[in-house]
>>> print(open('entry26.tsv').read())   # TSV, C-alpha atoms
chain	number	residue	atom	x	y	z
A	1	MET	CA	27.47	-14.93	-27.06
A	2	PHE	CA	24.55	-17.29	-27.49
A	3	LEU	CA	24.53	-17.93	-23.75
A	4	GLN	CA	24.34	-14.22	-22.99
A	5	LEU	CA	21.48	-13.77	-25.42
A	6	PHE	CA	19.66	-16.74	-23.91
A	7	PHE	CA	20.19	-15.36	-20.42
A	8	GLY	CA	18.89	-11.96	-21.53
A	9	TYR	CA	15.79	-13.49	-23.05
A	10	CYS	CA	15.09	-15.60	-19.95
A	11	ALA	CA	15.73	-12.69	-17.59
A	12	LEU	CA	13.45	-10.40	-19.59
A	13	MET	CA	10.67	-12.97	-19.66
A	14	ILE	CA	11.07	-13.73	-15.95
A	15	VAL	CA	10.87	-10.09	-14.90
A	16	ALA	CA	8.01	-9.32	-17.29
A	17	SER	CA	5.90	-12.33	-16.35
A	18	GLY	CA	6.65	-11.78	-12.66
A	19	LEU	CA	5.45	-8.18	-12.89
A	20	LEU	CA	2.35	-9.27	-14.79
A	21	ALA	CA	1.70	-12.02	-12.26
A	22	ILE	CA	1.46	-9.58	-9.38
A	23	SER	CA	-0.49	-6.92	-11.28
A	24	LEU	CA	-3.11	-8.72	-13.40
A	25	ARG	CA	-6.67	-8.65	-12.14
A	26	ASN	CA	-7.78	-12.15	-13.01
A	27	PRO	CA	-6.11	-14.65	-10.62
A	28	VAL	CA	-6.08	-17.39	-13.25
A	29	HIS	CA	-4.05	-15.16	-15.55
A	30	CYS	CA	-1.65	-14.53	-12.66
A	31	VAL	CA	-1.13	-18.26	-12.16
A	32	LEU	CA	-0.55	-18.76	-15.90
A	33	MET	CA	2.04	-15.96	-15.88
A	34	VAL	CA	3.83	-17.73	-13.04
A	35	LEU	CA	3.78	-20.87	-15.19
A	36	VAL	CA	5.64	-18.97	-17.93
A	37	LEU	CA	8.07	-17.73	-15.29
A	38	PHE	CA	8.79	-21.26	-14.07
A	39	PHE	CA	9.55	-22.49	-17.57
A	40	HIS	CA	12.08	-19.73	-18.13
A	41	MET	CA	13.53	-20.42	-14.70
A	42	ALA	CA	14.12	-24.01	-15.82
A	43	GLY	CA	15.90	-22.58	-18.88
A	44	LEU	CA	18.19	-20.60	-16.60
A	45	TYR	CA	18.93	-23.76	-14.60
A	46	LEU	CA	20.03	-25.37	-17.85
A	47	THR	CA	22.58	-22.60	-18.40
A	48	LEU	CA	23.93	-23.39	-14.92
A	49	ASN	CA	24.49	-27.10	-15.71
A	50	ALA	CA	21.67	-28.17	-13.39
A	51	GLU	CA	19.64	-30.36	-15.74
A	52	PHE	CA	18.06	-32.47	-13.04
A	53	LEU	CA	16.86	-29.39	-11.18
A	54	ALA	CA	15.41	-27.97	-14.38
A	55	ALA	CA	13.37	-31.15	-14.80
A	56	VAL	CA	12.29	-31.03	-11.17
A	57	GLN	CA	11.35	-27.39	-11.55
A	58	ILE	CA	9.01	-28.19	-14.43
A	59	ILE	CA	7.59	-31.40	-12.98
A	60	VAL	CA	7.09	-30.32	-9.37
A	61	TYR	CA	6.56	-26.57	-9.61
A	62	ALA	CA	4.78	-26.23	-12.92
A	63	GLY	CA	3.16	-29.65	-12.86
A	64	ALA	CA	2.08	-30.08	-9.26
A	65	ILE	CA	2.13	-26.86	-7.26
A	66	LEU	CA	0.59	-24.60	-9.90
A	67	VAL	CA	-2.14	-27.14	-10.63
A	68	LEU	CA	-2.93	-27.09	-6.90
A	69	TYR	CA	-3.17	-23.29	-7.05
A	70	LEU	CA	-5.49	-23.46	-10.04
A	71	PHE	CA	-7.77	-25.98	-8.32
A	72	VAL	CA	-8.05	-23.83	-5.21
A	73	LEU	CA	-8.71	-20.73	-7.31
A	74	PHE	CA	-11.61	-22.50	-8.94
A	75	LEU	CA	-12.93	-23.59	-5.55
A	76	VAL	CA	-13.22	-20.03	-4.29
A	77	SER	CA	-15.48	-17.63	-6.11
A	78	LEU	CA	-13.69	-16.39	-9.16
A	79	ARG	CA	-16.55	-14.49	-10.71
A	80	GLU	CA	-16.88	-11.78	-8.11
A	81	GLU	CA	-13.12	-11.44	-7.90
A	82	LEU	CA	-13.15	-9.77	-11.32
A	83	HIS	CA	-15.25	-6.85	-10.06
A	84	LEU	CA	-13.38	-6.17	-6.82
A	85	THR	CA	-10.22	-4.14	-6.40
A	86	ALA	CA	-7.19	-6.37	-6.60
A	87	PHE	CA	-4.90	-4.39	-4.31
A	88	VAL	CA	-4.94	-3.40	-0.65
A	89	PRO	CA	-5.94	0.23	0.04
A	90	ASN	CA	-2.42	1.63	0.46
A	91	ALA	CA	-0.59	-0.45	-2.10
A	92	TRP	CA	1.87	2.31	-2.95
A	93	LEU	CA	3.54	1.77	0.44
A	94	GLY	CA	4.27	-1.85	-0.43
A	95	ARG	CA	5.54	-0.86	-3.86
A	96	ILE	CA	7.89	1.74	-2.36
A	97	ILE	CA	9.22	-0.80	0.15
A	98	ALA	CA	9.78	-3.41	-2.59
A	99	THR	CA	11.49	-0.91	-4.90
A	100	GLY	CA	13.77	0.26	-2.13
A	101	LEU	CA	14.64	-3.32	-1.26
A	102	ALA	CA	15.37	-4.10	-4.93
A	103	VAL	CA	17.63	-1.08	-5.33
A	104	SER	CA	19.56	-1.82	-2.15
A	105	LEU	CA	19.95	-5.55	-2.95
A	106	VAL	CA	21.17	-4.92	-6.49
A	107	ALA	CA	23.52	-2.23	-5.20
A	108	ILE	CA	24.99	-4.72	-2.72
A	109	VAL	CA	25.67	-7.41	-5.37
A	110	PRO	CA	29.08	-6.07	-6.61
A	111	ALA	CA	30.42	-6.20	-3.05
A	112	PHE	CA	30.02	-9.99	-2.98
A	113	ASN	CA	33.11	-12.14	-3.37
A	114	LEU	CA	33.18	-15.90	-3.69
A	115	GLY	CA	34.40	-18.22	-0.98
A	116	GLU	CA	36.64	-21.22	-1.47
A	117	LYS	CA	35.71	-23.67	-4.18
A	118	GLY	CA	34.40	-27.18	-3.65
A	119	VAL	CA	35.30	-30.46	-5.33
A	120	TRP	CA	32.47	-30.77	-7.87
A	121	THR	CA	33.85	-28.95	-10.87
A	122	VAL	CA	31.91	-29.02	-14.13
A	123	ASP	CA	34.19	-31.74	-15.45
A	124	ALA	CA	33.78	-33.89	-12.33
A	125	ILE	CA	30.00	-33.55	-12.53
A	126	ARG	CA	30.07	-34.37	-16.21
A	127	ARG	CA	32.11	-37.49	-15.53
A	128	ALA	CA	29.88	-38.72	-12.69
A	129	THR	CA	26.61	-37.43	-14.26
A	130	HIS	CA	24.67	-34.69	-12.55
A	131	THR	CA	22.02	-36.85	-10.89
A	132	LYS	CA	24.62	-39.12	-9.33
A	133	ALA	CA	26.59	-36.17	-7.95
A	134	LEU	CA	23.43	-34.69	-6.49
A	135	GLY	CA	22.37	-38.01	-5.01
A	136	GLN	CA	25.75	-38.55	-3.40
A	137	GLU	CA	25.60	-35.12	-1.80
A	138	MET	CA	22.00	-35.59	-0.69
A	139	PHE	CA	22.34	-39.06	0.81
A	140	THR	CA	25.64	-38.52	2.59
A	141	THR	CA	26.12	-34.95	3.84
A	142	CYS	CA	22.45	-33.95	3.76
A	143	LEU	CA	20.93	-37.19	4.99
A	144	LEU	CA	19.28	-35.81	8.11
A	145	PRO	CA	17.73	-32.80	6.30
A	146	PHE	CA	16.47	-35.27	3.69
A	147	GLU	CA	14.67	-37.29	6.37
A	148	ILE	CA	13.24	-34.11	7.87
A	149	ALA	CA	11.99	-33.07	4.43
A	150	GLY	CA	10.15	-36.37	4.18
A	151	LEU	CA	8.58	-35.71	7.59
A	152	ILE	CA	7.54	-32.21	6.45
A	153	LEU	CA	5.79	-33.70	3.45
A	154	LEU	CA	3.95	-36.13	5.73
A	155	VAL	CA	2.88	-33.23	7.97
A	156	ALA	CA	1.69	-31.30	4.91
A	157	LEU	CA	-0.29	-34.32	3.70
A	158	ILE	CA	-2.08	-34.83	7.01
A	159	GLY	CA	-2.50	-31.10	7.59
A	160	GLY	CA	-4.01	-30.57	4.16
A	161	LEU	CA	-6.45	-33.39	4.75
A	162	VAL	CA	-7.51	-32.08	8.15
A	163	LEU	CA	-7.82	-28.45	7.01
A	164	ALA	CA	-9.77	-29.07	3.83
A	165	ARG	CA	-12.14	-31.60	5.41
A	166	ARG	CA	-15.65	-30.41	5.93
A	167	ASP	CA	-16.62	-30.25	9.59
A	168	GLU	CA	-19.79	-32.34	9.58
A	169	SER	CA	-20.49	-32.16	13.29
A	170	TYR	CA	-21.86	-28.63	13.50
A	171	ALA	CA	-21.94	-27.30	9.98
A	172	CYS	CA	-24.87	-29.14	8.44
A	173	GLN	CA	-27.69	-30.76	10.30
A	174	GLY	CA	-30.89	-32.15	8.87
A	175	GLU	CA	-31.73	-31.38	5.30
A	176	CYS	CA	-28.39	-30.14	4.06
A	177	SER	CA	-26.22	-32.93	5.40
A	178	GLY	CA	-25.62	-34.28	1.91
A	179	PRO	CA	-22.96	-33.08	-0.50
A	180	GLY	CA	-25.02	-30.01	-1.44
A	181	PRO	CA	-23.54	-26.57	-2.09
A	182	ALA	CA	-21.86	-24.99	0.88
A	183	ALA	CA	-23.95	-21.84	0.59
A	184	SER	CA	-27.07	-23.65	1.74
A	185	CYS	CA	-25.35	-24.65	4.96
A	186	LYS	CA	-24.61	-21.09	5.97
A	187	GLU	CA	-27.82	-20.50	7.92
A	188	GLY	CA	-27.44	-23.76	9.80
A	189	ARG	CA	-24.00	-22.76	10.93
A	190	GLN	CA	-24.74	-19.35	12.33
B	1	MET	CA	30.27	-17.31	-19.84
B	2	ILE	CA	27.65	-15.43	-17.88
B	3	PRO	CA	29.00	-13.61	-14.80
B	4	LEU	CA	27.66	-14.53	-11.39
B	5	SER	CA	26.51	-10.99	-10.67
B	6	TRP	CA	23.91	-11.16	-13.45
B	7	TYR	CA	22.28	-14.15	-11.82
B	8	MET	CA	22.39	-12.53	-8.39
B	9	ALA	CA	20.87	-9.30	-9.68
B	10	LEU	CA	18.09	-11.21	-11.43
B	11	ALA	CA	17.44	-13.24	-8.27
B	12	ALA	CA	17.27	-10.04	-6.19
B	13	ILE	CA	14.82	-8.47	-8.64
B	14	LEU	CA	12.65	-11.59	-8.67
B	15	PHE	CA	12.65	-11.67	-4.87
B	16	CYS	CA	11.55	-8.05	-4.74
B	17	ILE	CA	8.76	-8.68	-7.25
B	18	GLY	CA	7.57	-11.34	-4.83
B	19	VAL	CA	7.79	-8.92	-1.90
B	20	CYS	CA	5.81	-6.33	-3.85
B	21	GLY	CA	3.10	-8.86	-4.71
B	22	PHE	CA	2.91	-10.05	-1.11
B	23	LEU	CA	2.50	-6.53	0.22
B	24	THR	CA	-0.01	-5.29	-2.35
B	25	ARG	CA	-2.39	-8.09	-3.33
B	26	ARG	CA	-5.66	-8.57	-1.45
B	27	ASN	CA	-6.24	-12.18	-2.38
B	28	VAL	CA	-4.66	-14.69	0.01
B	29	ILE	CA	-3.99	-17.20	-2.78
B	30	LEU	CA	-2.07	-14.63	-4.80
B	31	MET	CA	-0.08	-13.76	-1.69
B	32	PHE	CA	0.97	-17.41	-1.52
B	33	LEU	CA	1.87	-17.20	-5.20
B	34	SER	CA	4.09	-14.21	-4.42
B	35	ILE	CA	5.83	-16.30	-1.76
B	36	GLU	CA	6.54	-18.85	-4.49
B	37	LEU	CA	8.14	-16.08	-6.54
B	38	MET	CA	10.36	-15.16	-3.59
B	39	LEU	CA	11.36	-18.80	-3.09
B	40	ASN	CA	12.23	-19.02	-6.78
B	41	GLY	CA	14.48	-16.01	-6.48
B	42	VAL	CA	16.31	-17.71	-3.62
B	43	ASN	CA	16.50	-20.95	-5.61
B	44	LEU	CA	18.11	-19.16	-8.53
B	45	ASN	CA	20.67	-17.64	-6.20
B	46	LEU	CA	21.49	-21.01	-4.65
B	47	VAL	CA	21.86	-22.80	-7.98
B	48	ALA	CA	24.03	-20.04	-9.44
B	49	LEU	CA	26.27	-20.00	-6.37
B	50	SER	CA	26.56	-23.77	-6.36
B	51	HIS	CA	27.64	-23.66	-10.00
B	52	PHE	CA	30.22	-20.95	-9.47
B	53	LEU	CA	31.53	-22.47	-6.24
B	54	ASP	CA	31.95	-25.96	-7.79
B	55	SER	CA	29.76	-27.54	-5.16
B	56	VAL	CA	26.41	-29.32	-5.36
B	57	ARG	CA	25.32	-28.42	-1.85
B	58	GLY	CA	23.35	-25.42	-3.09
B	59	GLN	CA	21.39	-27.65	-5.41
B	60	ALA	CA	20.62	-30.05	-2.57
B	61	PHE	CA	19.32	-27.04	-0.65
B	62	THR	CA	17.19	-26.11	-3.62
B	63	PHE	CA	15.56	-29.52	-3.38
B	64	PHE	CA	14.66	-28.91	0.22
B	65	ILE	CA	13.27	-25.49	-0.66
B	66	ILE	CA	11.07	-27.05	-3.34
B	67	THR	CA	9.87	-29.58	-0.75
B	68	VAL	CA	9.03	-26.86	1.73
B	69	ALA	CA	7.29	-24.86	-1.02
B	70	ALA	CA	5.10	-27.83	-1.86
B	71	ALA	CA	4.23	-28.36	1.80
B	72	GLU	CA	3.54	-24.66	2.25
B	73	ALA	CA	1.27	-24.60	-0.79
B	74	ALA	CA	-0.71	-27.59	0.44
B	75	ILE	CA	-1.18	-26.22	3.98
B	76	GLY	CA	-1.71	-22.62	2.91
B	77	LEU	CA	-4.29	-23.47	0.29
B	78	GLY	CA	-6.05	-25.73	2.80
B	79	ILE	CA	-6.24	-22.74	5.13
B	80	ALA	CA	-7.54	-20.61	2.25
B	81	ILE	CA	-10.34	-23.10	1.58
B	82	ALA	CA	-11.26	-23.22	5.27
B	83	LEU	CA	-11.24	-19.42	5.35
B	84	TYR	CA	-13.48	-19.19	2.32
B	85	ARG	CA	-15.90	-21.67	3.90
B	86	SER	CA	-16.31	-19.72	7.09
B	87	ARG	CA	-15.98	-16.11	5.85
B	88	ARG	CA	-17.06	-16.33	2.19
B	89	SER	CA	-14.00	-14.28	1.27
B	90	VAL	CA	-10.28	-14.77	0.75
B	91	HIS	CA	-9.33	-11.10	1.01
B	92	VAL	CA	-6.91	-10.13	3.71
B	93	ASP	CA	-8.51	-6.79	4.54
B	94	THR	CA	-11.85	-8.42	5.34
B	95	ILE	CA	-10.24	-10.64	7.97
B	96	ASN	CA	-9.92	-8.04	10.70
B	97	HIS	CA	-11.82	-9.53	13.63
B	98	LEU	CA	-8.84	-9.24	15.98
B	99	LYS	CA	-8.91	-5.48	15.45
B	100	GLY	CA	-11.87	-5.13	17.79
>>> encode(input="entry26.tsv", output="structure tokens")
Amino acid sequence: MFLQLFFGYCALMIVASGLLAISLRNPVHCVLMVLVLFFHMAGLYLTLNAEFLAAVQIIVYAGAILVLYLFVLFLVSLREELHLTAFVPNAWLGRIIATGLAVSLVAIVPAFNLGEKGVWTVDAIRRATHTKALGQEMFTTCLLPFEIAGLILLVALIGGLVLARRDESYACQGECSGPGPAASCKEGRQ
Amino acid sequence: MIPLSWYMALAAILFCIGVCGFLTRRNVILMFLSIELMLNGVNLNLVALSHFLDSVRGQAFTFFIITVAAAEAAIGLGIAIALYRSRRSVHVDTINHLKG
């Protein structure tokens, strides 16, 4: 009974903060709503006996990715964002598509039936501890995807560096070559 | 015990909230944020299925999805910064130079 109540609370908060995240005007408020959503998602992972993933969800998603979003939001102009319209001109089309997709997906759910079960029952995981079970799966069956994931992170690191670097060669010559505001370089570039 | 269908319905709804945000927001950064919502919906589905199927493979997949989400956020936000530097705007409907 407690589990059902906890699930209901988490589901309600997830749906509500998700809806607020896509409809609020201020982008910083949207990111904070997604933060609330991630915390409740970690709570749902706890009900599924995935403690390690709940920790990873909070550390990586809430701690790293959302902070990155906040930094980038502060780099672009936030002040004029508050006075502009937040939605594309025909937003109702997108809403209709999303609602239709939601209705059809939820309607399909009862038709799903489970496949054959694996070896990691709750008791087996509890005996071996969750992290060890996950590590065994990751470093034996999923070893090659694990290596590829490391490569993807390297690509993201280098790509992020290259993309966010300021192009000194043609952007700023002469007086604005220093670390001045980017707005003063605009004439020199065009 | 919570039935599997509750988790799957919640995951589907979360995914569709992400779709709605992606299709309606003007700001590129908030579109990326909507993609994160969609990825979270998929993650919830994978973790729930891995619990109900007595297998940890779904959770291993969730790790890879989190990795890809981090990479996507880094690259996408780098592109957003580059876009803001050259166009002074991060709104998708102002980036229409291919339209002619």
>>> interface_residues(input="entry26.tsv", of="chain A", to="chain B", cutoff="7 Å", atoms="only C-alpha atoms", output="number ranges by chain")
A: 3-4, 11, 15, 18-19, 22, 48, 65, 72, 76, 86-88, 91, 94-95, 98, 101-102, 105-106, 109-110, 117-121, 134, 137-138, 149, 152-153, 156, 159-160, 163-164
>>> closest_residue(input="entry26.tsv", among="A:Val28, A:Val34, A:Ile96, A:Ile58", to="Ile35 (chain B)", atoms="only C-alpha atoms")
A:Val34
>>> residues_around(input="entry26.tsv", residues="region 41-45 of chain A", least_positions_apart="2", cutoff="7 Å", atoms="all atoms listed in the file", output="ChimeraX atom specification")
/A:7,10,37-39,47-51,53-54,57-58
>>> atom_distance(input="entry26.tsv", atom1="CA of Arg79 (chain A)", atom2="CA of His97 (chain B)")
25.3 Å
>>> atom_distance(input="entry26.tsv", atom1="CA of Val36 (chain A)", atom2="CA of Leu20 (chain A)")
10.7 Å
>>> atom_distance(input="entry26.tsv", atom1="CA of Leu68 (chain A)", atom2="CA of Leu84 (chain A)")
23.4 Å
>>> closest_residue(input="entry26.tsv", among="A:Val155, A:Ala111, A:Leu46, A:Pro89", to="Thr94 (chain B)", atoms="only C-alpha atoms")
A:Pro89
>>> residues_around(input="entry26.tsv", residues="Asn26 (chain A)", least_positions_apart="4", cutoff="9 Å", atoms="all atoms listed in the file", output="ChimeraX atom specification")
/A:30,78,81-82,86
